[in-house]
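Undergrad: What follows is the file upload13.txt, containing compact mmCIF, C-alpha atoms:
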```
# COMPACT_ATOMS: atom_id res chain seq x y z
CA MET Z 27 45.56 111.21 34.18
CA VAL Z 28 46.39 108.23 36.37
CA SER Z 29 44.72 105.05 35.16
CA LEU Z 30 42.28 103.15 37.36
CA ASN Z 31 44.55 100.14 37.07
CA SER Z 32 47.39 102.10 38.68
CA TRP Z 33 45.22 103.04 41.66
CA ILE Z 34 44.08 99.44 42.02
CA LYS Z 35 47.71 98.35 41.96
CA ALA Z 36 48.57 100.95 44.61
CA ALA Z 37 45.70 99.75 46.83
CA ARG Z 38 47.22 96.23 46.76
CA LEU Z 39 43.99 94.25 46.76
CA ARG Z 40 45.76 91.04 47.75
CA THR Z 41 46.26 92.46 51.26
CA LEU Z 42 42.55 93.09 51.86
CA PRO Z 43 41.46 89.51 52.77
CA LEU Z 44 43.96 89.58 55.61
CA ALA Z 45 42.54 92.89 56.87
CA LEU Z 46 39.06 91.35 57.01
CA SER Z 47 40.22 88.31 58.98
CA SER Z 48 40.24 90.06 62.36
CA ILE Z 49 36.80 91.59 61.72
CA ALA Z 50 35.42 88.21 60.67
CA MET Z 51 36.90 86.55 63.76
CA GLY Z 52 35.43 89.13 66.12
CA GLY Z 53 32.08 89.10 64.33
CA LEU Z 54 31.69 85.32 64.20
CA LEU Z 55 32.57 84.93 67.88
CA ALA Z 56 30.18 87.76 68.74
CA ALA Z 57 27.44 85.92 66.82
CA THR Z 58 27.60 83.12 69.41
CA LYS Z 59 26.22 85.55 72.04
CA GLU Z 60 22.51 86.21 72.62
CA ASN Z 61 22.87 90.00 72.50
CA PHE Z 62 24.64 89.96 69.12
CA ASP Z 63 24.13 93.03 66.92
CA LYS Z 64 25.34 92.49 63.35
CA THR Z 65 25.01 96.14 62.23
CA PRO Z 66 28.45 97.34 63.42
CA ILE Z 67 30.27 94.51 61.63
CA PHE Z 68 29.68 95.92 58.16
CA LEU Z 69 31.03 99.36 59.03
CA ALA Z 70 33.89 97.75 60.97
CA GLY Z 71 34.78 95.83 57.82
CA LEU Z 72 34.58 98.97 55.67
CA THR Z 73 36.71 100.96 58.12
CA THR Z 74 39.33 98.22 58.25
CA LEU Z 75 39.50 97.99 54.46
CA LEU Z 76 39.94 101.75 54.23
CA LEU Z 77 42.69 101.62 56.85
CA GLN Z 78 44.49 98.85 54.98
CA ILE Z 79 44.31 100.78 51.70
CA LEU Z 80 45.49 103.93 53.51
CA SER Z 81 48.45 101.97 54.88
CA ASN Z 82 49.28 100.62 51.42
CA LEU Z 83 49.12 104.07 49.80
CA ALA Z 84 51.19 105.64 52.57
CA ASN Z 85 53.73 102.83 52.27
CA ASP Z 86 53.97 103.42 48.50
CA TYR Z 87 54.54 107.14 49.07
CA GLY Z 88 56.87 106.84 52.07
CA ASP Z 89 59.16 104.12 50.72
CA SER Z 90 59.55 105.99 47.44
CA LYS Z 91 60.36 109.25 49.18
CA SER Z 92 62.96 107.59 51.43
CA GLY Z 93 64.60 105.71 48.56
CA ILE Z 94 63.75 102.24 49.90
CA ASP Z 95 61.78 101.61 46.70
CA ASN Z 96 64.51 101.44 44.09
CA GLN Z 97 65.80 99.22 41.28
CA HIS Z 98 67.10 96.69 43.81
CA ARG Z 99 63.73 96.02 45.43
CA LEU Z 100 62.61 92.42 44.89
CA GLY Z 101 58.84 92.76 45.24
CA PRO Z 102 56.35 94.13 42.71
CA LYS Z 103 57.15 97.65 41.55
CA ARG Z 104 55.31 100.35 43.47
CA THR Z 105 53.31 102.97 41.58
CA VAL Z 106 55.24 106.05 42.75
CA GLN Z 107 58.56 104.28 42.20
CA SER Z 108 57.57 103.38 38.63
CA GLY Z 109 56.20 106.85 37.87
CA GLU Z 110 52.62 105.67 37.34
CA ILE Z 111 51.45 107.97 40.13
CA SER Z 112 53.24 111.18 41.08
CA PRO Z 113 54.26 111.85 44.71
CA ALA Z 114 51.82 114.79 44.86
CA GLN Z 115 48.93 112.62 43.62
CA MET Z 116 49.76 109.87 46.10
CA LYS Z 117 50.03 112.37 48.96
CA PHE Z 118 46.54 113.64 48.10
CA ALA Z 119 45.24 110.05 48.04
CA VAL Z 120 46.74 109.41 51.49
CA ILE Z 121 44.96 112.49 52.89
CA LEU Z 122 41.69 111.50 51.19
CA PHE Z 123 41.71 107.97 52.61
CA ALA Z 124 42.67 109.28 56.06
CA VAL Z 125 39.52 111.44 55.96
CA LEU Z 126 37.41 108.52 54.70
CA CYS Z 127 38.74 106.33 57.52
CA PHE Z 128 37.83 108.98 60.09
CA ILE Z 129 34.31 109.40 58.71
CA SER Z 130 33.73 105.65 58.52
CA GLY Z 131 35.08 105.19 62.06
CA LEU Z 132 32.82 107.88 63.46
CA GLY Z 133 29.85 106.30 61.72
CA LEU Z 134 30.80 102.96 63.23
CA VAL Z 135 30.86 104.37 66.77
CA PHE Z 136 27.54 106.20 66.41
CA LEU Z 137 25.78 103.20 64.84
CA ALA Z 138 26.90 100.93 67.66
CA SER Z 139 23.97 101.90 69.88
CA GLY Z 140 24.28 101.16 73.56
CA LEU Z 141 27.97 102.00 73.96
CA SER Z 142 28.87 103.98 77.04
CA LEU Z 143 30.50 107.39 76.68
CA PHE Z 144 33.79 105.88 77.85
CA TYR Z 145 33.81 103.19 75.16
CA SER Z 146 32.63 105.63 72.49
CA LEU Z 147 35.52 107.99 73.23
CA LEU Z 148 37.90 105.04 73.46
CA PHE Z 149 36.95 103.92 69.97
CA VAL Z 150 37.26 107.42 68.55
CA PHE Z 151 40.79 107.86 69.93
CA THR Z 152 41.73 104.31 68.90
CA GLY Z 153 40.55 105.08 65.38
CA ILE Z 154 42.65 108.24 65.27
CA GLY Z 155 45.59 106.19 66.50
CA ALA Z 156 45.01 103.59 63.79
CA ILE Z 157 44.99 106.29 61.10
CA GLY Z 158 48.21 107.72 62.50
CA ALA Z 159 49.79 104.27 62.63
CA ALA Z 160 48.83 103.54 59.02
CA ILE Z 161 50.48 106.76 57.86
CA ASN Z 162 53.53 106.87 60.11
CA TYR Z 163 54.69 103.37 59.24
CA THR Z 164 56.84 104.83 56.46
CA ILE Z 165 56.02 108.57 56.46
CA GLY Z 166 57.47 111.23 58.76
CA LYS Z 167 60.80 112.15 60.30
CA ASN Z 168 61.01 108.90 62.29
CA PRO Z 169 58.73 106.28 60.67
CA TYR Z 170 58.34 103.41 63.12
CA GLY Z 171 58.47 100.82 60.34
CA TYR Z 172 62.10 101.76 59.74
CA ALA Z 173 62.92 101.14 63.41
CA GLY Z 174 61.52 97.60 63.59
CA PHE Z 175 58.20 98.37 65.31
CA GLY Z 176 55.96 97.43 62.39
CA ASP Z 177 55.41 93.93 63.75
CA LEU Z 178 54.13 95.26 67.07
CA PHE Z 179 51.70 97.71 65.48
CA VAL Z 180 50.33 95.08 63.10
CA PHE Z 181 49.84 92.66 66.01
CA ILE Z 182 47.96 95.30 68.02
CA PHE Z 183 45.76 96.87 65.34
CA PHE Z 184 45.08 93.87 63.08
CA GLY Z 185 44.89 91.41 65.96
CA ILE Z 186 43.96 92.65 69.41
CA ILE Z 187 42.01 95.77 68.46
CA GLY Z 188 40.46 94.28 65.31
CA VAL Z 189 39.02 91.20 67.02
CA CYS Z 190 38.24 92.63 70.47
CA GLY Z 191 36.90 95.89 69.04
CA THR Z 192 34.50 94.14 66.66
CA PHE Z 193 33.31 91.82 69.43
CA LEU Z 194 32.74 94.72 71.81
CA LEU Z 195 30.84 96.79 69.25
CA SER Z 196 28.59 93.83 68.43
CA THR Z 197 27.88 92.60 71.97
CA LYS Z 198 28.66 95.58 74.26
CA SER Z 199 30.75 93.16 76.32
CA ILE Z 200 34.29 91.80 76.40
CA GLY Z 201 36.25 89.02 78.10
CA PHE Z 202 39.89 88.08 78.67
CA GLN Z 203 39.48 84.79 76.78
CA LEU Z 204 38.94 86.78 73.59
CA LEU Z 205 42.61 87.73 73.72
CA LEU Z 206 43.45 84.18 72.56
CA PRO Z 207 41.85 84.40 69.07
CA ALA Z 208 42.79 88.09 68.90
CA ALA Z 209 46.45 87.25 69.47
CA ALA Z 210 46.17 84.43 66.92
CA MET Z 211 44.97 86.87 64.27
CA GLY Z 212 47.64 89.35 65.26
CA MET Z 213 50.40 86.78 64.88
CA LEU Z 214 49.20 85.59 61.48
CA SER Z 215 48.91 89.19 60.25
CA THR Z 216 52.42 89.85 61.53
CA GLY Z 217 53.51 86.73 59.66
CA VAL Z 218 52.53 88.34 56.36
CA LEU Z 219 54.58 91.43 57.22
CA ASN Z 220 57.50 89.25 58.28
CA LEU Z 221 57.42 87.41 54.94
CA ASN Z 222 57.44 90.75 53.16
CA ASN Z 223 60.46 91.83 55.18
CA MET Z 224 62.24 88.51 54.59
CA ARG Z 225 61.84 89.07 50.85
CA ASP Z 226 63.16 92.64 51.12
CA LEU Z 227 65.98 91.89 53.57
CA THR Z 228 68.94 92.81 51.35
CA ASN Z 229 67.50 96.08 50.06
CA ASP Z 230 66.12 97.12 53.46
CA LYS Z 231 69.48 96.51 55.13
CA ALA Z 232 71.35 98.48 52.46
CA ASN Z 233 69.01 101.46 52.84
CA GLY Z 234 68.71 101.66 56.61
CA LYS Z 235 65.24 100.17 57.04
CA ASN Z 236 65.82 98.23 60.26
CA THR Z 237 62.95 95.78 60.27
CA VAL Z 238 62.88 92.86 62.70
CA VAL Z 239 64.27 90.68 59.89
CA VAL Z 240 67.22 93.04 59.38
CA LYS Z 241 67.90 93.01 63.12
CA ILE Z 242 67.83 89.23 63.66
CA GLY Z 243 68.90 87.92 60.23
CA PHE Z 244 67.20 85.65 57.72
CA GLN Z 245 67.59 82.32 59.56
CA TYR Z 246 66.15 83.58 62.83
CA ALA Z 247 63.47 85.43 60.89
CA TYR Z 248 62.39 82.10 59.42
CA LEU Z 249 62.13 80.53 62.89
CA TYR Z 250 60.21 83.62 64.02
CA HIS Z 251 57.91 83.14 61.04
CA CYS Z 252 57.24 79.52 61.98
CA LEU Z 253 56.25 80.70 65.46
CA LEU Z 254 53.92 83.36 64.03
CA VAL Z 255 52.18 80.79 61.83
CA LEU Z 256 52.01 77.75 64.13
CA PHE Z 257 51.43 79.24 67.60
CA PRO Z 258 47.98 80.64 66.63
CA PHE Z 259 46.70 77.06 66.27
CA LEU Z 260 47.59 76.45 69.91
CA LEU Z 261 45.89 79.68 71.00
CA LEU Z 262 42.71 78.80 69.09
CA THR Z 263 42.74 75.28 70.54
CA ILE Z 264 43.01 76.65 74.09
CA TYR Z 265 40.12 79.04 73.41
CA ASN Z 266 37.90 76.18 72.27
CA LEU Z 267 38.85 74.04 75.25
CA LEU Z 268 37.79 76.90 77.53
CA ASN Z 269 34.53 77.26 75.56
CA TYR Z 270 33.97 73.60 74.74
CA ASN Z 271 30.70 72.55 73.08
CA GLY Z 272 31.78 69.60 70.92
CA LEU Z 273 34.56 68.05 68.86
CA TYR Z 274 33.34 69.88 65.75
CA GLN Z 275 34.96 73.01 67.18
CA PHE Z 276 38.36 71.53 66.34
CA VAL Z 277 37.74 71.03 62.61
CA PHE Z 278 39.98 74.06 62.01
CA LEU Z 279 42.98 71.90 62.96
CA LEU Z 280 42.54 70.08 59.64
CA LEU Z 281 43.89 73.25 57.99
CA LEU Z 282 47.19 73.04 59.85
CA PRO Z 283 48.92 70.90 57.15
CA LEU Z 284 48.21 73.65 54.57
CA PHE Z 285 50.23 76.10 56.64
CA VAL Z 286 52.99 73.58 57.39
CA VAL Z 287 53.45 72.78 53.70
CA ASP Z 288 54.03 76.47 52.94
CA LEU Z 289 56.53 76.74 55.79
CA ILE Z 290 58.51 73.85 54.29
CA LYS Z 291 58.39 75.44 50.84
CA ILE Z 292 59.51 78.82 52.23
CA HIS Z 293 62.52 77.14 53.85
CA LYS Z 294 63.52 75.70 50.48
CA THR Z 295 62.82 78.85 48.45
CA SER Z 296 65.68 80.78 46.87
CA PRO Z 297 66.29 83.49 45.71
CA MET Z 298 64.32 85.66 48.10
CA GLU Z 299 62.10 87.31 45.49
CA ARG Z 300 60.35 83.96 45.10
CA LEU Z 301 58.89 84.43 48.58
CA ASP Z 302 56.41 86.96 47.19
CA PRO Z 303 53.61 84.46 46.28
CA PHE Z 304 53.58 83.16 49.85
CA LEU Z 305 52.32 86.53 51.12
CA LYS Z 306 49.05 86.15 49.23
CA LYS Z 307 48.78 82.48 50.22
CA LEU Z 308 49.16 83.25 53.92
CA ALA Z 309 46.63 86.09 53.74
CA LEU Z 310 44.01 83.91 52.05
CA LYS Z 311 44.65 80.92 54.31
CA THR Z 312 44.33 83.15 57.37
CA LEU Z 313 40.90 84.26 56.18
CA LEU Z 314 39.95 80.62 55.51
CA LEU Z 315 41.11 79.61 58.99
CA THR Z 316 39.07 82.45 60.49
CA LEU Z 317 35.90 81.43 58.67
CA VAL Z 318 36.25 77.73 59.53
CA PHE Z 319 37.07 78.43 63.19
CA GLY Z 320 34.30 81.01 63.59
CA CYS Z 321 31.61 79.01 61.79
CA CYS Z 322 32.37 75.86 63.81
CA ASN Z 323 31.90 77.89 67.00
CA LEU Z 324 28.50 78.98 65.71
CA LEU Z 325 27.20 75.41 65.39
```
Could you quickly redo this structure as structure tokens?

TA:
Amino acid sequence: MVSLNSWIKAARLRTLPLALSSIAMGGLLAATKENFDKTPIFLAGLTTLLLQILSNLANDYGDSKSGIDNQHRLGPKRTVQSGEISPAQMKFAVILFAVLCFISGLGLVFLASGLSLFYSLLFVFTGIGAIGAAINYTIGKNPYGYAGFGDLFVFIFFGIIGVCGTFLLSTKSIGFQLLLPAAAMGMLSTGVLNLNNMRDLTNDKANGKNTVVVKIGFQYAYLYHCLLVLFPFLLLTIYNLLNYNGLYQFVFLLLLPLFVVDLIKIHKTSPMERLDPFLKKLALKTLLLTLVFGCCNLL
């Protein structure tokens, strides 16, 4: 029998706050509108958490099967790699969570009363795409994560779709300005993935996992990371200038030094396995930034 602790480890709970950031951003901005409906937000949050866990389980299974997870990997040991969970058990868990994601997503669409048939079908197909993306990151004949497309998919699903989708479900409306905070969330989420790939650079390169970091090298990956972390503050500032109500909307800028300090520490960190704690820090700080930015817009 696999212990509960092993399944919790496989689910990688430290990644879940980041997954909720896009839902929180979309929900808090939606709450500023008169026609706000809070019901879809809870199911959107549940669906996103299930998708994140599905992605983590699939990643555990796929990287072990491909040999990327080996004795040279610098991050925490994965459960299939260590033998805590067998490949067959993990494969079953991946299928189970894919089904749970589909059920939760369907419930989300049907509970969001007032959606047109077009938007309902759009959300259903987007949900199926999200499930496929979560699985195919490391599983399949040509996993896109091994070809350097992981950053793009994270930006789209945990940024653009997460924020805009939640907003649309809660207000039955959408606007181009929403792409600014959506892109900000997408970049910060991609930043967490980039940090992960910076940590795993040597092992990924040796085993043919061609992430963006492998393609551009560590130094350029660090500059790329700085862009992913700092540019969102500009995007959020522009959004508030376009929707200006008062100076209190810019309180979120007081959090900028927290992110800058970590960027300085990352630059000075060696060896690469010591980058691991910064993943959790960035995930939690992204959620904090989301809550501060969203709540200030509610005032």

Undergrad: Neighbourhood query: residues within 6 Å of (40.6, 88.5, 52.7), file coordinates, counting all atoms listed in the file; return as an MDAnalysis selection string.

TA: chainID Z and resid 42:44 46 310 313

Undergrad: Could you give me, as a count of residues only, the residues within 12 Å of Ser29 (chain Z), counting all atoms listed in the file and dropping anything in the same chain fewer than 3 positions from it?

TA: 9

Undergrad: Which residue, Z:Gly153, Z:Cys322, Z:Glu299, Z:Ser146, has the smallest gap to Asn271 (chain Z) when you use all atoms listed in the file?

TA: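 Of the candidates, the smallest distance to Asn271 (chain Z) is held by Z:Cys322.
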
Undergrad: What separation in Å, quoted to one decimal, exists between CA of Gly88 (chain Z) and CA of Gly234 (chain Z)?

TA: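 Interatomic distance, CA of Gly88 (chain Z) to CA of Gly234 (chain Z): 13.7 Å.
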
Undergrad: If we count all atoms listed in the file and set the cut-off at 10 Å, which residues sit around Met51 (chain Z), ignoring sequence neighbours fewer than 6 positions away in its own chain? Please answer as a PyMOL selection string.

TA: chain Z and resi 57+185+188-190+192-193+207-208+211+313+315-321

Undergrad: Just want the 10 Å neighbourhood of Leu254 (chain Z), counted on only C-alpha atoms, with same-chain residues fewer than 3 positions away dropped. Output as a PyMOL selection string.

TA: chain Z and resi 210-218+220+248-251+257-259

Undergrad: Taking all atoms listed in the file into account, which of Z:Ser112, Z:Ser92, Z:Thr65, Z:Ser81 comes nearest Val135 (chain Z)?

TA: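 Nearest to Val135 (chain Z): Z:Thr65.
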
Undergrad: With all atoms listed in the file as the basis for distance, which of Z:Tyr87, Z:Phe276, Z:Tyr145, Z:Phe136 is at the shortest distance from Val120 (chain Z)?

TA: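 Among Z:Tyr87, Z:Phe276, Z:Tyr145, Z:Phe136, it is Z:Tyr87 that comes nearest to Val120 (chain Z).
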
Undergrad: Find the distance between CA of Leu282 (chain Z) and CA of Ala45 (chain Z) and write it in Å to one decimal.

TA: 20.6 Å

Undergrad: So that I can check the surroundings of Leu80 (chain Z), please list as a list in words every protein, DNA and RNA residue that reaches within 7 Å of it, counting all atoms listed in the file and ignoring chain neighbours fewer than 2 positions away.

TA: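 Residues meeting the cut-off are Leu76, Leu77, Gln78, Asn82, Leu83, Ala84, Val120, Phe123, Ala124 and Ala160 of chain Z.
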
Undergrad: Just checking: using only C-alpha atoms, which residue out of Z:Lys198, Z:Lys307, Z:Arg38, Z:Arg300 ends up closest to Asp86 (chain Z)?

TA: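 Looking only at the distances to Asp86 (chain Z), the closest residue turns out to be Z:Arg38.
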
Undergrad: Identify which of the residues Z:Ile161, Z:Val150, Z:Ala173, Z:Cys252 lies closest to Lys117 (chain Z), counting all atoms listed in the file when measuring atom-to-atom distances.

TA: Z:Ile161

Undergrad: For a test of reading the model, state the distance in Å between CA of Tyr172 (chain Z) and CA of Asp230 (chain Z), rounded to one decimal.

TA: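 The value is 8.8 Å.
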
Undergrad: Would you kindly return, as a short mmCIF file (atom, residue, chain, number, x, y, z; two decimals) with C-alpha atoms, in the coordinates of the input, each protein, DNA or RNA residue with an atom no farther than 10 Å from any atom of Leu195 (chain Z), considering only C-alpha atoms and excluding same-chain residues fewer than 3 positions away?

TA:
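What landed in selection-v7.cif:
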```cif
data_model
loop_
_atom_site.label_atom_id
_atom_site.label_comp_id
_atom_site.auth_asym_id
_atom_site.auth_seq_id
_atom_site.Cartn_x
_atom_site.Cartn_y
_atom_site.Cartn_z
CA GLY Z 52 35.43 89.13 66.12
CA GLY Z 53 32.08 89.10 64.33
CA ALA Z 56 30.18 87.76 68.74
CA PHE Z 62 24.64 89.96 69.12
CA ASP Z 63 24.13 93.03 66.92
CA LYS Z 64 25.34 92.49 63.35
CA THR Z 65 25.01 96.14 62.23
CA PRO Z 66 28.45 97.34 63.42
CA ILE Z 67 30.27 94.51 61.63
CA ALA Z 70 33.89 97.75 60.97
CA LEU Z 134 30.80 102.96 63.23
CA VAL Z 135 30.86 104.37 66.77
CA LEU Z 137 25.78 103.20 64.84
CA ALA Z 138 26.90 100.93 67.66
CA SER Z 139 23.97 101.90 69.88
CA GLY Z 140 24.28 101.16 73.56
CA LEU Z 141 27.97 102.00 73.96
CA TYR Z 145 33.81 103.19 75.16
CA SER Z 146 32.63 105.63 72.49
CA PHE Z 149 36.95 103.92 69.97
CA CYS Z 190 38.24 92.63 70.47
CA GLY Z 191 36.90 95.89 69.04
CA THR Z 192 34.50 94.14 66.66
CA LYS Z 198 28.66 95.58 74.26
CA SER Z 199 30.75 93.16 76.32
CA ILE Z 200 34.29 91.80 76.40
#
```

Undergrad: Calculated over only C-alpha atoms, which of the candidates Z:Ile165, Z:Leu132, Z:Leu75, Z:Ala159 has the smallest distance to Ser90 (chain Z)?

TA: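 Distance minimum relative to Ser90 (chain Z) lands on Z:Ile165.
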
Undergrad: Please write region 226-240 of chain Z of the preceding block to a file containing C-alpha atoms, as an mmCIF file, in the first residue's frame?

TA:
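Wrote result_24.cif, looks like this:
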```
data_model
loop_
_atom_site.group_PDB
_atom_site.id
_atom_site.type_symbol
_atom_site.label_atom_id
_atom_site.label_comp_id
_atom_site.auth_asym_id
_atom_site.auth_seq_id
_atom_site.Cartn_x
_atom_site.Cartn_y
_atom_site.Cartn_z
ATOM 1 C CA ASP Z 226 17.663 21.161 -13.481
ATOM 2 C CA LEU Z 227 19.742 22.561 -16.349
ATOM 3 C CA THR Z 228 22.649 20.094 -16.230
ATOM 4 C CA ASN Z 229 20.531 16.961 -15.918
ATOM 5 C CA ASP Z 230 17.963 18.122 -18.488
ATOM 6 C CA LYS Z 231 20.684 18.906 -21.018
ATOM 7 C CA ALA Z 232 22.369 15.532 -20.496
ATOM 8 C CA ASN Z 233 19.084 13.669 -21.025
ATOM 9 C CA GLY Z 234 17.684 15.537 -24.004
ATOM 10 C CA LYS Z 235 15.037 17.627 -22.245
ATOM 11 C CA ASN Z 236 15.365 20.823 -24.277
ATOM 12 C CA THR Z 237 13.729 23.394 -22.043
ATOM 13 C CA VAL Z 238 14.066 27.107 -22.749
ATOM 14 C CA VAL Z 239 16.893 27.201 -20.194
ATOM 15 C CA VAL Z 240 18.771 24.433 -22.023
#
```
